[in-house]
>>> print(open('run-v6.txt').read())   # compact mmCIF, C-alpha atoms
# COMPACT_ATOMS: atom_id res chain seq x y z
CA MET A 1 117.76 40.74 87.53
CA SER A 2 115.09 41.92 89.95
CA GLU A 3 113.88 45.51 89.96
CA SER A 4 115.88 47.90 92.12
CA LEU A 5 114.26 49.89 94.92
CA PHE A 6 114.61 53.03 92.78
CA GLU A 7 112.72 51.37 89.92
CA LYS A 8 110.04 49.92 92.21
CA LEU A 9 109.37 53.39 93.60
CA GLY A 10 108.96 54.85 90.12
CA GLY A 11 112.40 56.33 89.44
CA GLU A 12 113.04 59.98 88.84
CA ALA A 13 109.36 60.87 88.36
CA ALA A 14 108.67 59.56 91.85
CA VAL A 15 111.49 61.70 93.26
CA ASP A 16 110.00 64.76 91.58
CA ALA A 17 106.58 64.01 93.05
CA ALA A 18 108.02 63.39 96.50
CA VAL A 19 110.37 66.36 96.81
CA ASP A 20 107.69 69.05 96.90
CA ILE A 21 105.61 67.23 99.51
CA PHE A 22 108.59 66.16 101.60
CA TYR A 23 110.32 69.54 101.83
CA ARG A 24 107.02 71.23 102.68
CA LYS A 25 106.51 68.77 105.55
CA VAL A 26 110.06 69.40 106.79
CA LEU A 27 109.65 73.20 106.74
CA ALA A 28 106.30 72.96 108.52
CA ASP A 29 107.72 70.71 111.25
CA ASP A 30 108.57 72.84 114.29
CA ARG A 31 111.00 70.22 115.56
CA ILE A 32 113.37 70.79 112.64
CA SER A 33 112.27 73.85 110.66
CA THR A 34 114.66 76.24 112.45
CA PHE A 35 117.61 74.43 110.85
CA PHE A 36 116.32 75.74 107.52
CA ASP A 37 115.98 79.39 108.58
CA GLY A 38 117.60 81.75 106.12
CA VAL A 39 118.53 79.11 103.53
CA ASP A 40 117.98 79.69 99.84
CA MET A 41 114.80 77.78 99.04
CA ALA A 42 115.63 76.95 95.43
CA SER A 43 119.10 75.54 96.07
CA GLN A 44 117.73 73.72 99.10
CA ALA A 45 115.07 72.07 96.92
CA ALA A 46 117.81 70.81 94.58
CA LYS A 47 119.61 69.37 97.62
CA GLN A 48 116.41 67.70 98.81
CA LYS A 49 116.11 66.12 95.38
CA SER A 50 119.65 64.74 95.64
CA PHE A 51 118.84 63.42 99.10
CA LEU A 52 115.62 61.71 98.01
CA THR A 53 117.34 60.18 94.98
CA MET A 54 119.88 58.71 97.38
CA ALA A 55 117.17 57.55 99.82
CA PHE A 56 115.27 55.89 96.98
CA GLY A 57 118.39 53.93 96.09
CA GLY A 58 118.94 55.91 92.90
CA PRO A 59 122.18 57.11 91.30
CA ASN A 60 124.09 59.49 93.55
CA ASN A 61 127.56 60.65 94.36
CA TYR A 62 127.13 61.11 98.10
CA THR A 63 130.11 60.18 100.21
CA GLY A 64 130.24 59.96 103.98
CA ALA A 65 132.69 62.85 104.00
CA ASP A 66 130.25 65.06 102.03
CA LEU A 67 127.45 64.34 104.46
CA ARG A 68 129.73 64.99 107.41
CA SER A 69 131.08 68.34 106.20
CA GLY A 70 127.68 69.40 104.81
CA HIS A 71 125.99 69.06 108.18
CA ALA A 72 128.84 70.07 110.52
CA HIS A 73 127.48 73.62 110.97
CA LEU A 74 124.09 72.15 111.94
CA VAL A 75 125.63 69.72 114.43
CA LYS A 76 127.19 72.78 116.09
CA ARG A 77 123.68 74.22 116.37
CA GLY A 78 122.44 71.10 118.14
CA LEU A 79 121.45 68.67 115.36
CA ASN A 80 120.91 65.28 117.02
CA ASP A 81 119.19 61.89 116.71
CA SER A 82 115.73 63.32 117.39
CA HIS A 83 116.06 65.60 114.36
CA PHE A 84 117.33 62.79 112.15
CA ASP A 85 114.34 60.69 113.26
CA ALA A 86 111.97 63.58 112.50
CA VAL A 87 113.31 63.86 108.93
CA VAL A 88 112.93 60.12 108.37
CA GLU A 89 109.41 60.30 109.81
CA ASN A 90 108.51 63.09 107.35
CA LEU A 91 109.96 61.02 104.53
CA GLY A 92 107.80 58.06 105.56
CA ALA A 93 104.69 60.26 105.75
CA THR A 94 105.46 61.63 102.28
CA LEU A 95 105.70 58.16 100.80
CA THR A 96 102.50 57.06 102.55
CA GLU A 97 100.76 60.07 101.02
CA LEU A 98 102.01 58.98 97.60
CA GLY A 99 100.57 55.49 98.14
CA VAL A 100 103.86 53.63 98.61
CA SER A 101 103.59 50.32 100.49
CA ASP A 102 104.89 49.99 104.07
CA GLU A 103 107.31 47.35 102.89
CA LEU A 104 108.99 49.71 100.40
CA ILE A 105 108.96 52.54 102.95
CA GLY A 106 110.84 50.19 105.26
CA GLU A 107 113.45 49.71 102.53
CA VAL A 108 113.82 53.48 102.09
CA VAL A 109 114.29 53.95 105.82
CA ALA A 110 116.91 51.22 105.74
CA VAL A 111 118.81 53.12 103.02
CA CYS A 112 118.79 56.32 105.15
CA GLU A 113 119.84 54.71 108.41
CA PRO A 114 123.55 54.14 107.54
CA THR A 115 123.96 57.90 106.88
CA ARG A 116 122.94 58.78 110.45
CA ASN A 117 126.44 58.77 111.96
CA ASP A 118 127.96 60.80 109.14
CA ILE A 119 125.18 63.38 109.22
CA LEU A 120 125.34 63.73 113.00
CA GLY A 121 129.14 63.81 112.97
CA LYS A 122 129.50 60.78 115.24
CA MET B 1 132.11 67.07 66.02
CA PRO B 2 130.31 70.03 67.65
CA LYS B 3 132.42 72.96 68.77
CA LEU B 4 131.90 74.78 72.04
CA THR B 5 132.90 78.42 72.30
CA LEU B 6 133.43 80.09 75.65
CA ASN B 7 135.03 83.53 76.08
CA SER B 8 136.34 83.39 72.46
CA THR B 9 138.08 80.04 72.96
CA THR B 10 136.76 77.05 71.02
CA TYR B 11 136.82 73.49 72.32
CA ASP B 12 136.05 70.22 70.51
CA ASN B 13 133.18 68.30 72.01
CA ASN B 14 134.29 64.68 71.48
CA LYS B 15 131.86 61.81 70.99
CA ASP B 16 130.04 60.81 74.19
CA GLU B 17 131.37 63.84 76.08
CA THR B 18 129.02 66.16 77.92
CA VAL B 19 129.62 69.91 77.83
CA LEU B 20 130.95 69.58 81.38
CA ASP B 21 133.38 66.79 80.36
CA THR B 22 134.73 68.92 77.50
CA LEU B 23 135.20 71.99 79.68
CA LEU B 24 136.83 70.04 82.52
CA SER B 25 139.19 68.19 80.22
CA ASN B 26 140.28 71.59 78.89
CA LYS B 27 140.90 72.85 82.43
CA VAL B 28 138.07 75.37 82.37
CA ASP B 29 137.13 76.39 85.90
CA ILE B 30 133.43 75.57 86.11
CA PRO B 31 131.49 74.72 89.28
CA TYR B 32 129.96 71.22 89.38
CA ALA B 33 129.12 68.57 91.93
CA CYS B 34 126.75 65.63 91.39
CA LYS B 35 127.16 65.05 87.63
CA GLN B 36 123.67 63.53 87.75
CA GLY B 37 121.63 66.55 86.72
CA LEU B 38 120.36 67.03 90.23
CA CYS B 39 122.37 69.62 92.14
CA GLN B 40 122.29 72.28 89.37
CA SER B 41 125.80 73.45 90.33
CA CYS B 42 126.93 73.34 86.68
CA LEU B 43 124.12 75.57 85.40
CA ILE B 44 125.34 77.39 82.28
CA ARG B 45 123.76 79.26 79.38
CA SER B 46 123.97 79.36 75.61
CA PRO B 47 123.21 82.76 74.10
CA ASN B 48 122.79 81.35 70.56
CA GLN B 49 121.61 77.75 70.74
CA THR B 50 118.54 76.05 72.22
CA PRO B 51 120.00 73.28 74.41
CA PRO B 52 118.75 69.66 74.11
CA THR B 53 115.67 69.29 76.34
CA GLY B 54 117.31 66.51 78.35
CA ALA B 55 119.82 69.06 79.62
CA GLN B 56 117.06 71.37 80.91
CA LYS B 57 115.22 68.89 83.14
CA GLY B 58 114.22 70.34 86.51
CA LEU B 59 114.88 73.96 85.51
CA LYS B 60 112.32 76.71 85.85
CA ALA B 61 110.37 77.75 82.76
CA THR B 62 112.11 81.12 82.82
CA GLN B 63 115.54 79.48 82.84
CA VAL B 64 114.52 77.21 79.97
CA ALA B 65 113.33 80.28 78.03
CA ARG B 66 116.77 81.85 78.45
CA ASN B 67 118.64 78.74 77.22
CA PHE B 68 120.05 77.77 80.60
CA PHE B 69 121.03 74.10 80.89
CA LEU B 70 122.98 71.65 83.02
CA ALA B 71 126.45 71.17 81.52
CA CYS B 72 126.70 67.66 82.97
CA GLN B 73 123.58 66.50 81.11
CA CYS B 74 124.23 68.14 77.76
CA HIS B 75 125.36 66.16 74.73
CA PRO B 76 125.37 68.86 72.04
CA SER B 77 124.36 68.00 68.49
CA GLU B 78 125.37 71.38 67.08
CA ASP B 79 127.98 74.06 67.79
CA MET B 80 127.19 76.08 70.89
CA GLU B 81 128.31 79.36 72.32
CA LEU B 82 128.55 79.20 76.09
CA GLU B 83 128.26 81.79 78.81
CA LEU B 84 129.37 81.02 82.36
CA ASP B 85 128.82 84.41 83.92
CA THR B 86 126.23 86.58 82.23
CA ASN B 87 127.67 89.62 84.01
CA GLU B 88 130.43 89.61 81.41
CA SER B 89 128.12 91.00 78.73
CA PRO B 90 129.22 94.44 77.56
CA PHE B 91 127.73 97.83 78.43
CA VAL B 92 126.11 99.83 75.63
CA THR B 93 125.46 103.57 75.62
CA VAL B 94 121.77 104.54 75.39
CA ASN B 95 119.67 107.72 75.50
CA VAL B 96 117.42 109.04 78.23
CA ILE B 97 113.96 109.63 76.73
CA LYS B 98 112.01 110.82 79.75
CA ASN B 99 112.37 111.48 83.47
CA GLN B 100 109.06 112.04 85.28
CA LYS B 101 107.81 111.85 88.85
CA LEU B 102 105.51 108.97 89.80
CA SER B 103 105.34 110.01 93.45
CA GLN B 104 107.23 112.19 95.92
CA ASP B 105 110.28 109.89 95.96
CA ILE B 106 109.91 107.79 92.84
CA ILE B 107 110.60 108.66 89.21
CA GLU B 108 109.94 106.82 86.01
CA LEU B 109 113.12 106.94 83.97
CA VAL B 110 112.56 106.00 80.34
CA ILE B 111 115.61 105.06 78.29
CA SER B 112 116.05 103.67 74.79
CA HIS B 113 117.47 100.24 74.03
CA PRO B 114 119.35 99.01 70.95
CA ASP B 115 117.39 97.06 68.28
CA ASN B 116 119.19 93.82 69.12
CA PHE B 117 118.35 94.00 72.84
CA HIS B 118 116.01 91.14 73.73
CA TYR B 119 114.42 91.07 77.16
CA GLN B 120 111.42 89.91 79.11
CA PRO B 121 109.47 92.49 81.16
CA GLY B 122 110.44 91.94 84.82
CA GLN B 123 114.10 91.24 84.08
CA PHE B 124 116.59 93.87 85.20
CA ILE B 125 119.44 95.87 83.71
CA ASN B 126 122.48 97.61 85.13
CA LEU B 127 122.94 101.34 84.61
CA ARG B 128 126.43 102.81 84.84
CA ARG B 129 127.21 106.47 85.46
CA ALA B 130 130.25 108.08 83.78
CA ASP B 131 132.30 107.67 86.98
CA GLY B 132 131.63 103.92 87.04
CA LEU B 133 128.89 103.79 89.69
CA VAL B 134 126.49 100.93 88.82
CA ARG B 135 122.94 100.20 90.00
CA SER B 136 120.35 97.61 88.93
CA TYR B 137 116.78 98.47 87.90
CA SER B 138 113.90 96.30 86.73
CA ILE B 139 112.12 96.73 83.39
CA ALA B 140 108.46 97.67 83.89
CA ASN B 141 107.15 97.42 80.31
CA CYS B 142 106.70 95.17 77.27
CA LYS B 143 108.52 95.95 74.03
CA ARG B 144 107.47 99.31 72.53
CA SER B 145 107.77 100.46 68.94
CA ASN B 146 110.19 103.21 70.05
CA ASN B 147 112.47 100.75 71.92
CA SER B 148 111.81 102.36 75.29
CA LEU B 149 112.49 100.81 78.68
CA GLU B 150 110.60 102.09 81.72
CA LEU B 151 112.43 101.97 85.05
CA HIS B 152 111.18 103.01 88.49
CA ILE B 153 113.82 104.68 90.64
CA GLN B 154 113.21 105.47 94.28
CA LYS B 155 115.24 108.27 95.83
CA LEU B 156 117.06 106.78 98.81
CA PRO B 157 118.42 108.90 101.67
CA ASN B 158 122.02 109.66 100.62
CA GLY B 159 121.55 107.40 97.60
CA LYS B 160 124.46 108.39 95.36
CA PHE B 161 122.94 107.03 92.17
CA SER B 162 119.24 107.57 92.87
CA GLU B 163 119.63 111.23 93.94
CA TRP B 164 121.67 111.93 90.85
CA ALA B 165 119.12 110.17 88.61
CA HIS B 166 116.28 112.15 90.20
CA LEU B 167 117.94 115.54 89.94
CA SER B 168 120.29 115.40 86.98
CA LEU B 169 119.20 112.94 84.29
CA LYS B 170 117.38 114.69 81.47
CA PRO B 171 115.99 113.69 78.07
CA GLY B 172 118.83 113.57 75.57
CA ASP B 173 121.45 112.56 78.15
CA THR B 174 123.30 109.28 77.61
CA ILE B 175 123.97 106.49 80.07
CA ASP B 176 125.59 103.04 79.88
CA MET B 177 123.38 99.99 80.15
CA GLN B 178 124.13 96.27 80.54
CA GLY B 179 121.81 93.28 80.57
CA PRO B 180 119.18 91.97 80.73
CA PHE B 181 119.47 89.72 83.78
CA GLY B 182 117.18 87.70 86.02
CA ASP B 183 114.59 84.95 85.95
CA CYS B 184 111.62 86.83 87.34
CA PHE B 185 109.30 87.17 84.33
CA TYR B 186 106.07 85.79 82.87
CA THR B 187 106.01 82.62 80.84
CA GLN B 188 102.76 81.12 79.68
CA GLU B 189 102.30 77.41 80.37
CA LYS B 190 98.60 77.58 81.24
CA LYS B 191 96.77 80.81 80.56
CA GLU B 192 94.08 79.95 83.13
CA GLN B 193 96.63 79.53 85.95
CA PRO B 194 96.04 81.90 88.90
CA LEU B 195 98.87 84.41 89.43
CA LEU B 196 99.85 86.13 92.67
CA LEU B 197 102.11 89.19 92.45
CA ILE B 198 103.45 90.69 95.69
CA GLY B 199 105.73 93.71 95.70
CA THR B 200 107.00 96.34 98.09
CA GLY B 201 108.27 99.77 97.04
CA THR B 202 109.69 99.79 93.51
CA GLY B 203 109.23 96.01 93.51
CA LEU B 204 106.17 97.18 91.59
CA ALA B 205 108.37 97.80 88.53
CA PRO B 206 109.02 94.15 87.59
CA LEU B 207 105.46 93.26 88.61
CA ALA B 208 104.05 95.94 86.30
CA GLY B 209 106.10 94.38 83.49
CA ILE B 210 104.91 90.87 84.37
CA LEU B 211 101.30 92.08 84.57
CA GLU B 212 101.45 93.77 81.17
CA SER B 213 103.15 90.73 79.71
CA ALA B 214 100.47 88.35 81.07
CA LEU B 215 97.58 90.52 79.91
CA THR B 216 98.97 91.10 76.40
CA GLN B 217 99.51 87.36 76.02
CA GLY B 218 95.85 86.79 76.87
CA HIS B 219 96.17 85.39 80.37
CA THR B 220 92.67 84.39 81.51
CA GLY B 221 93.27 83.15 85.08
CA PRO B 222 92.91 85.54 88.03
CA ILE B 223 95.86 87.91 88.57
CA HIS B 224 96.16 89.23 92.12
CA LEU B 225 98.52 92.16 92.68
CA TYR B 226 99.37 93.25 96.23
CA HIS B 227 101.54 96.34 96.44
CA GLY B 228 102.83 97.44 99.81
CA SER B 229 104.70 100.33 101.35
CA ARG B 230 105.29 101.66 104.84
CA ASP B 231 103.33 104.83 104.12
CA ALA B 232 100.90 105.98 101.44
CA ASN B 233 103.62 108.08 99.73
CA GLY B 234 105.40 104.88 98.72
CA LEU B 235 102.42 103.65 96.71
CA TYR B 236 102.38 104.86 93.12
CA LEU B 237 100.57 104.11 89.85
CA VAL B 238 97.52 103.72 92.11
CA ASP B 239 95.06 105.46 89.76
CA LYS B 240 96.31 103.58 86.72
CA LEU B 241 96.15 100.18 88.44
CA THR B 242 92.75 100.91 90.02
CA ALA B 243 91.37 101.85 86.60
CA LEU B 244 92.90 98.74 85.03
CA ALA B 245 91.35 96.53 87.72
CA LYS B 246 87.98 98.14 87.08
CA LYS B 247 87.97 97.30 83.39
CA THR B 248 89.79 93.96 83.56
CA ASP B 249 87.68 91.18 85.08
CA ASN B 250 90.53 88.86 86.02
CA PHE B 251 92.86 91.52 87.51
CA HIS B 252 92.61 92.37 91.20
CA TYR B 253 94.66 95.14 92.80
CA THR B 254 95.19 95.61 96.54
CA PRO B 255 97.35 98.54 97.70
CA CYS B 256 98.57 98.08 101.30
CA VAL B 257 100.13 100.41 103.84
CA SER B 258 101.99 98.74 106.71
CA GLY B 259 102.50 101.87 108.84
CA GLU B 260 100.01 104.58 109.75
CA ASN B 261 97.24 104.74 107.17
CA THR B 262 94.62 107.45 106.81
CA LEU B 263 93.26 106.49 103.41
CA PRO B 264 90.24 104.18 103.28
CA ASP B 265 91.14 102.90 99.79
CA PHE B 266 94.32 101.30 101.11
CA GLN B 267 94.48 98.21 103.31
CA THR B 268 96.32 98.65 106.61
CA ALA B 269 98.57 95.59 106.52
CA ARG B 270 101.81 94.27 105.12
CA ALA B 271 101.17 93.35 101.50
CA ASN B 272 102.47 89.79 101.90
CA ASP B 273 100.47 89.15 105.09
CA LYS B 274 97.31 90.48 103.45
CA ALA B 275 97.87 88.37 100.33
CA LEU B 276 98.47 85.17 102.26
CA SER B 277 95.45 85.69 104.48
CA ASP B 278 93.21 86.45 101.48
CA LEU B 279 94.58 83.46 99.57
CA PRO B 280 95.38 80.72 102.09
CA ASP B 281 95.56 77.93 99.49
CA LEU B 282 98.20 78.63 96.83
CA LYS B 283 98.24 75.20 95.24
CA GLY B 284 98.49 75.64 91.48
CA TYR B 285 99.42 79.33 91.66
CA LYS B 286 102.34 80.99 89.95
CA ILE B 287 103.85 83.53 92.32
CA TYR B 288 106.11 86.55 91.83
CA LEU B 289 107.76 88.26 94.81
CA CYS B 290 109.69 91.49 94.29
CA GLY B 291 111.11 94.10 96.63
CA HIS B 292 112.44 94.07 100.18
CA PRO B 293 114.68 91.01 100.75
CA ASP B 294 113.03 90.11 104.09
CA MET B 295 109.57 90.24 102.52
CA VAL B 296 110.74 88.13 99.59
CA LYS B 297 112.38 85.45 101.73
CA ASP B 298 109.52 85.28 104.21
CA SER B 299 106.89 85.10 101.47
CA GLN B 300 108.78 82.45 99.50
CA ARG B 301 108.61 80.16 102.47
CA LYS B 302 105.02 80.99 103.36
CA ALA B 303 103.80 80.66 99.79
CA TYR B 304 105.47 77.27 99.52
CA LEU B 305 103.95 76.13 102.82
CA ALA B 306 100.58 77.38 101.54
CA GLY B 307 100.83 74.84 98.74
CA ALA B 308 102.67 76.60 95.88
CA SER B 309 105.24 74.49 94.07
CA LEU B 310 108.84 75.75 94.36
CA GLN B 311 109.17 75.69 90.57
CA GLN B 312 106.31 78.19 90.45
CA ILE B 313 107.71 80.78 92.84
CA PHE B 314 109.77 83.53 91.21
CA ALA B 315 111.58 86.05 93.35
CA ASP B 316 113.58 89.22 92.90
CA ALA B 317 115.01 90.55 96.16
CA PHE B 318 116.10 94.19 95.99
CA THR B 319 119.24 94.68 98.01
CA VAL B 320 119.83 98.34 98.73
CA ASN B 321 123.06 100.14 97.90
CA VAL B 322 123.17 103.82 98.76
>>> encode(input="run-v6.txt", output="C-alpha cells")
Amino acid sequence: MSESLFEKLGGEAAVDAAVDIFYRKVLADDRISTFFDGVDMASQAAKQKSFLTMAFGGPNNYTGADLRSGHAHLVKRGLNDSHFDAVVENLGATLTELGVSDELIGEVVAVCEPTRNDILGK
Amino acid sequence: MPKLTLNSTTYDNNKDETVLDTLLSNKVDIPYACKQGLCQSCLIRSPNQTPPTGAQKGLKATQVARNFFLACQCHPSEDMELELDTNESPFVTVNVIKNQKLSQDIIELVISHPDNFHYQPGQFINLRRADGLVRSYSIANCKRSNNSLELHIQKLPNGKFSEWAHLSLKPGDTIDMQGPFGDCFYTQEKKEQPLLLIGTGTGLAPLAGILESALTQGHTGPIHLYHGSRDANGLYLVDKLTALAKKTDNFHYTPCVSGENTLPDFQTARANDKALSDLPDLKGYKIYLCGHPDMVKDSQRKAYLAGASLQQIFADAFTVNV
C-alpha cells in the first residue's frame, strides 16, 4: 500500500510543527483576523490542530454538519469565499515555510476544498 | 483489571477500553468530542496517579505536572482516582497569621495551610467567609516551614469581601479555604529559557510566586517582570523588587504607570505595551500574564504574534466581583 498523504507529510509531528506557524499567520492576516477577536486562544489552537489533521488527511471525526454549525455564527458576520481562500493561502504558505513540496501542498488544498460549502453554509 | 474511581463510585476498566470508554459505558456525563486526543474536550485529572504519558500529549507542562490527561487516550495500567471538576474539593478551616498593608489599597493576608496541602506558587485558592461569600486569591510564595500562604488583596470600591478582609480579619481568626486551582505556575524545562512576567494590580501576587519559584529552582535565563497600574498607588513591593533586581543579575524589574505619573523611577506606559516594545521577539520565551482580563487577552495574542509558542503562554485573568 502506498503512503498516505498524512504519512508523507510527517504525521502528527508535522501537524504540531505546522499549527503554531499557521495560526500565527491567520491571526496576523487583516483579511480574516477579526473573525478570531475575543476567542479563547488555547481552545482555538486545539481546534486548529484538529483542522490541520483533517487537512493533512489524518484521522478525524469531522462531519459536514459539524463544520456547518461550527461556522454558522461567522457566516452571519460575513464569512465568504475570500476568507476561505485566505485561510487556504495561509495554510499553503505555512507548508512552504516547512519545506513541503508544491505537489503535496496541492494535495492538501484538494483535501480542504470539499469543506468549502459546509463551512460557508452554502 | 484496573479500577477507576470517580465521586466514590468505582468502575471496571475492561481490556482495550480507554478511561473515556469506561465512563461513557457507565453513563457518566463527561464532555468529549474528537476521541483522537486533539480537541482536549475530555480533559480530566487524577489526584493520585501519574497518567500514562501517551494520554498527556499536547498538554501544557503545568497540566502534566497536575496529572491532567485526555480520557480518550488513556489506557490505565493501574487503579486511578478521577476528578472531573476540581471545584468539588472540600473547604478546610485555616488560621489567619498576619494582615498587613502593602500599599494604600492592598494588604498582604497571610494564612496557614494544612500539612497535606500541595500547591505551586502562582496557583490560586478560594476563601469563604462564614456567610458563604467566596473570592479567589493567588498564592504569592513558595512553601514555608510554617505552612504560610501569602495573598494580596486589593480593596475594591464596595467590595464586600475585600473591604471586610481589609478591616476585620485579624491574626488568630479562622477562615475556610479551598484549592489549589489553576495552571499559571513555574515549571522548569530549560533553566536558561527567558521568562516574561506581565501583571497589573494584584496580578503581581501570582507573578511574585512564580518569580520566587524560578529563582529558588536556580533559573539562569533572564526574567523580565513588568508590573503595571493606573496610578503609582497601585504599585507595591517596589522597594523589595528593586533591591532584588539590583542583586540578581538575571532579574529585571520594570514598574509602569499607565495614567498620570510624577515619579521618574516608573515608566509612563501600560505594562504590556512597554514589555512588548522592549522585547519585540518572544520566540523561545515562557510568558506569564496575570491581572486585568483585557490586558491578559490582548497580551496573549500579541505575545503569540511576537513569536511565543501557545504552549508557553500562561494566563490568569482576574475577573472582578465586588
>>> interface_residues(input="run-v6.txt", of="chain A", to="chain B", cutoff="10 Å", atoms="only C-alpha atoms", output="PyMOL selection string")
chain A and resi 16+19-21+23-28+37-51+53+59-62
>>> atom_distance(input="run-v6.txt", atom1="atom CA of B:Ile125", atom2="atom CA of B:Ile198")
20.6 Å
>>> closest_residue(input="run-v6.txt", among="B:Thr220, B:Thr200, B:Gln123, B:Gln154", to="B:Met295", atoms="all atoms listed in the file")
B:Thr200
>>> atom_distance(input="run-v6.txt", atom1="atom CA of A:Leu9", atom2="atom CA of B:Thr18")
28.2 Å
>>> residues_around(input="run-v6.txt", residues="A:Phe56", least_positions_apart="3", cutoff="9 Å", atoms="only C-alpha atoms", output="list in words")
Leu5, Phe6, Glu7, Leu9, Gly11, Val15, Phe51, Leu52, Thr53, Glu107, Val108, Val111 and Cys112 of chain A
>>> atom_distance(input="run-v6.txt", atom1="atom CA of A:Gly106", atom2="atom CA of A:Gly92")
8.4 Å
>>> axis_aligned_box(input="run-v6.txt", around="stretch 223-228 of chain B", padding_each_side="5 Å", output="JSON")
{"center_x": 99.3, "center_y": 92.7, "center_z": 94.2, "size_x": 17.0, "size_y": 19.5, "size_z": 21.2}
>>> closest_residue(input="run-v6.txt", among="B:Gly203, B:Gly234, B:Pro76, B:Pro52", to="B:Asp21", atoms="all atoms listed in the file")
B:Pro76
>>> closest_residue(input="run-v6.txt", among="B:Leu211, B:Ala303, B:Cys184, B:Ala245", to="B:Gly291", atoms="all atoms listed in the file")
B:Cys184
>>> residues_around(input="run-v6.txt", residues="stretch 67-71 of chain A", least_positions_apart="6", cutoff="12 Å", atoms="all atoms listed in the file", output="ChimeraX atom specification")
/A:35-36,47,50-51,54,61,77-80,84,112,114-122
>>> write_last_selection(input="run-v6.txt", atoms="C-alpha atoms", output="PDB file, in the coordinates of the input")
ATOM      1  CA  PHE A  35     117.610  74.430 110.850  1.00  0.00           C
ATOM      2  CA  PHE A  36     116.320  75.740 107.520  1.00  0.00           C
ATOM      3  CA  LYS A  47     119.610  69.370  97.620  1.00  0.00           C
ATOM      4  CA  SER A  50     119.650  64.740  95.640  1.00  0.00           C
ATOM      5  CA  PHE A  51     118.840  63.420  99.100  1.00  0.00           C
ATOM      6  CA  MET A  54     119.880  58.710  97.380  1.00  0.00           C
ATOM      7  CA  ASN A  61     127.560  60.650  94.360  1.00  0.00           C
ATOM      8  CA  ARG A  77     123.680  74.220 116.370  1.00  0.00           C
ATOM      9  CA  GLY A  78     122.440  71.100 118.140  1.00  0.00           C
ATOM     10  CA  LEU A  79     121.450  68.670 115.360  1.00  0.00           C
ATOM     11  CA  ASN A  80     120.910  65.280 117.020  1.00  0.00           C
ATOM     12  CA  PHE A  84     117.330  62.790 112.150  1.00  0.00           C
ATOM     13  CA  CYS A 112     118.790  56.320 105.150  1.00  0.00           C
ATOM     14  CA  PRO A 114     123.550  54.140 107.540  1.00  0.00           C
ATOM     15  CA  THR A 115     123.960  57.900 106.880  1.00  0.00           C
ATOM     16  CA  ARG A 116     122.940  58.780 110.450  1.00  0.00           C
ATOM     17  CA  ASN A 117     126.440  58.770 111.960  1.00  0.00           C
ATOM     18  CA  ASP A 118     127.960  60.800 109.140  1.00  0.00           C
ATOM     19  CA  ILE A 119     125.180  63.380 109.220  1.00  0.00           C
ATOM     20  CA  LEU A 120     125.340  63.730 113.000  1.00  0.00           C
ATOM     21  CA  GLY A 121     129.140  63.810 112.970  1.00  0.00           C
ATOM     22  CA  LYS A 122     129.500  60.780 115.240  1.00  0.00           C
TER      23      LYS A 122
END
>>> build_atoms(input="run-v6.txt", residues="stretch 25-38 of chain A", atoms="N, CA and C atoms", output="PDB file, in the coordinates of the input")
ATOM      1  N   LYS A  25     106.720  69.375 104.226  1.00  0.00           N
ATOM      2  CA  LYS A  25     106.510  68.770 105.550  1.00  0.00           C
ATOM      3  C   LYS A  25     107.656  69.142 106.499  1.00  0.00           C
ATOM      4  N   VAL A  26     108.879  69.102 105.974  1.00  0.00           N
ATOM      5  CA  VAL A  26     110.060  69.400 106.790  1.00  0.00           C
ATOM      6  C   VAL A  26     110.006  70.858 107.285  1.00  0.00           C
ATOM      7  N   LEU A  27     109.681  71.774 106.358  1.00  0.00           N
ATOM      8  CA  LEU A  27     109.650  73.200 106.740  1.00  0.00           C
ATOM      9  C   LEU A  27     108.514  73.507 107.702  1.00  0.00           C
ATOM     10  N   ALA A  28     107.452  72.711 107.654  1.00  0.00           N
ATOM     11  CA  ALA A  28     106.300  72.960 108.520  1.00  0.00           C
ATOM     12  C   ALA A  28     106.452  72.262 109.876  1.00  0.00           C
ATOM     13  N   ASP A  29     107.528  71.496 110.024  1.00  0.00           N
ATOM     14  CA  ASP A  29     107.720  70.710 111.250  1.00  0.00           C
ATOM     15  C   ASP A  29     108.545  71.517 112.257  1.00  0.00           C
ATOM     16  N   ASP A  30     107.900  71.968 113.323  1.00  0.00           N
ATOM     17  CA  ASP A  30     108.570  72.840 114.290  1.00  0.00           C
ATOM     18  C   ASP A  30     109.802  72.200 114.951  1.00  0.00           C
ATOM     19  N   ARG A  31     109.854  70.874 114.953  1.00  0.00           N
ATOM     20  CA  ARG A  31     111.000  70.220 115.560  1.00  0.00           C
ATOM     21  C   ARG A  31     112.293  70.493 114.787  1.00  0.00           C
ATOM     22  N   ILE A  32     112.170  70.680 113.474  1.00  0.00           N
ATOM     23  CA  ILE A  32     113.370  70.790 112.640  1.00  0.00           C
ATOM     24  C   ILE A  32     113.426  72.026 111.752  1.00  0.00           C
ATOM     25  N   SER A  33     112.309  72.763 111.654  1.00  0.00           N
ATOM     26  CA  SER A  33     112.270  73.850 110.660  1.00  0.00           C
ATOM     27  C   SER A  33     113.314  74.931 110.919  1.00  0.00           C
ATOM     28  N   THR A  34     113.700  75.146 112.187  1.00  0.00           N
ATOM     29  CA  THR A  34     114.660  76.240 112.450  1.00  0.00           C
ATOM     30  C   THR A  34     116.010  75.985 111.789  1.00  0.00           C
ATOM     31  N   PHE A  35     116.339  74.718 111.525  1.00  0.00           N
ATOM     32  CA  PHE A  35     117.610  74.430 110.850  1.00  0.00           C
ATOM     33  C   PHE A  35     117.609  74.957 109.410  1.00  0.00           C
ATOM     34  N   PHE A  36     116.422  75.265 108.901  1.00  0.00           N
ATOM     35  CA  PHE A  36     116.320  75.740 107.520  1.00  0.00           C
ATOM     36  C   PHE A  36     116.090  77.255 107.439  1.00  0.00           C
ATOM     37  N   ASP A  37     116.160  77.932 108.593  1.00  0.00           N
ATOM     38  CA  ASP A  37     115.980  79.390 108.580  1.00  0.00           C
ATOM     39  C   ASP A  37     117.060  80.046 107.729  1.00  0.00           C
ATOM     40  N   GLY A  38     116.634  80.945 106.867  1.00  0.00           N
ATOM     41  CA  GLY A  38     117.600  81.750 106.120  1.00  0.00           C
ATOM     42  C   GLY A  38     118.264  81.025 104.951  1.00  0.00           C
TER      43      GLY A  38
END
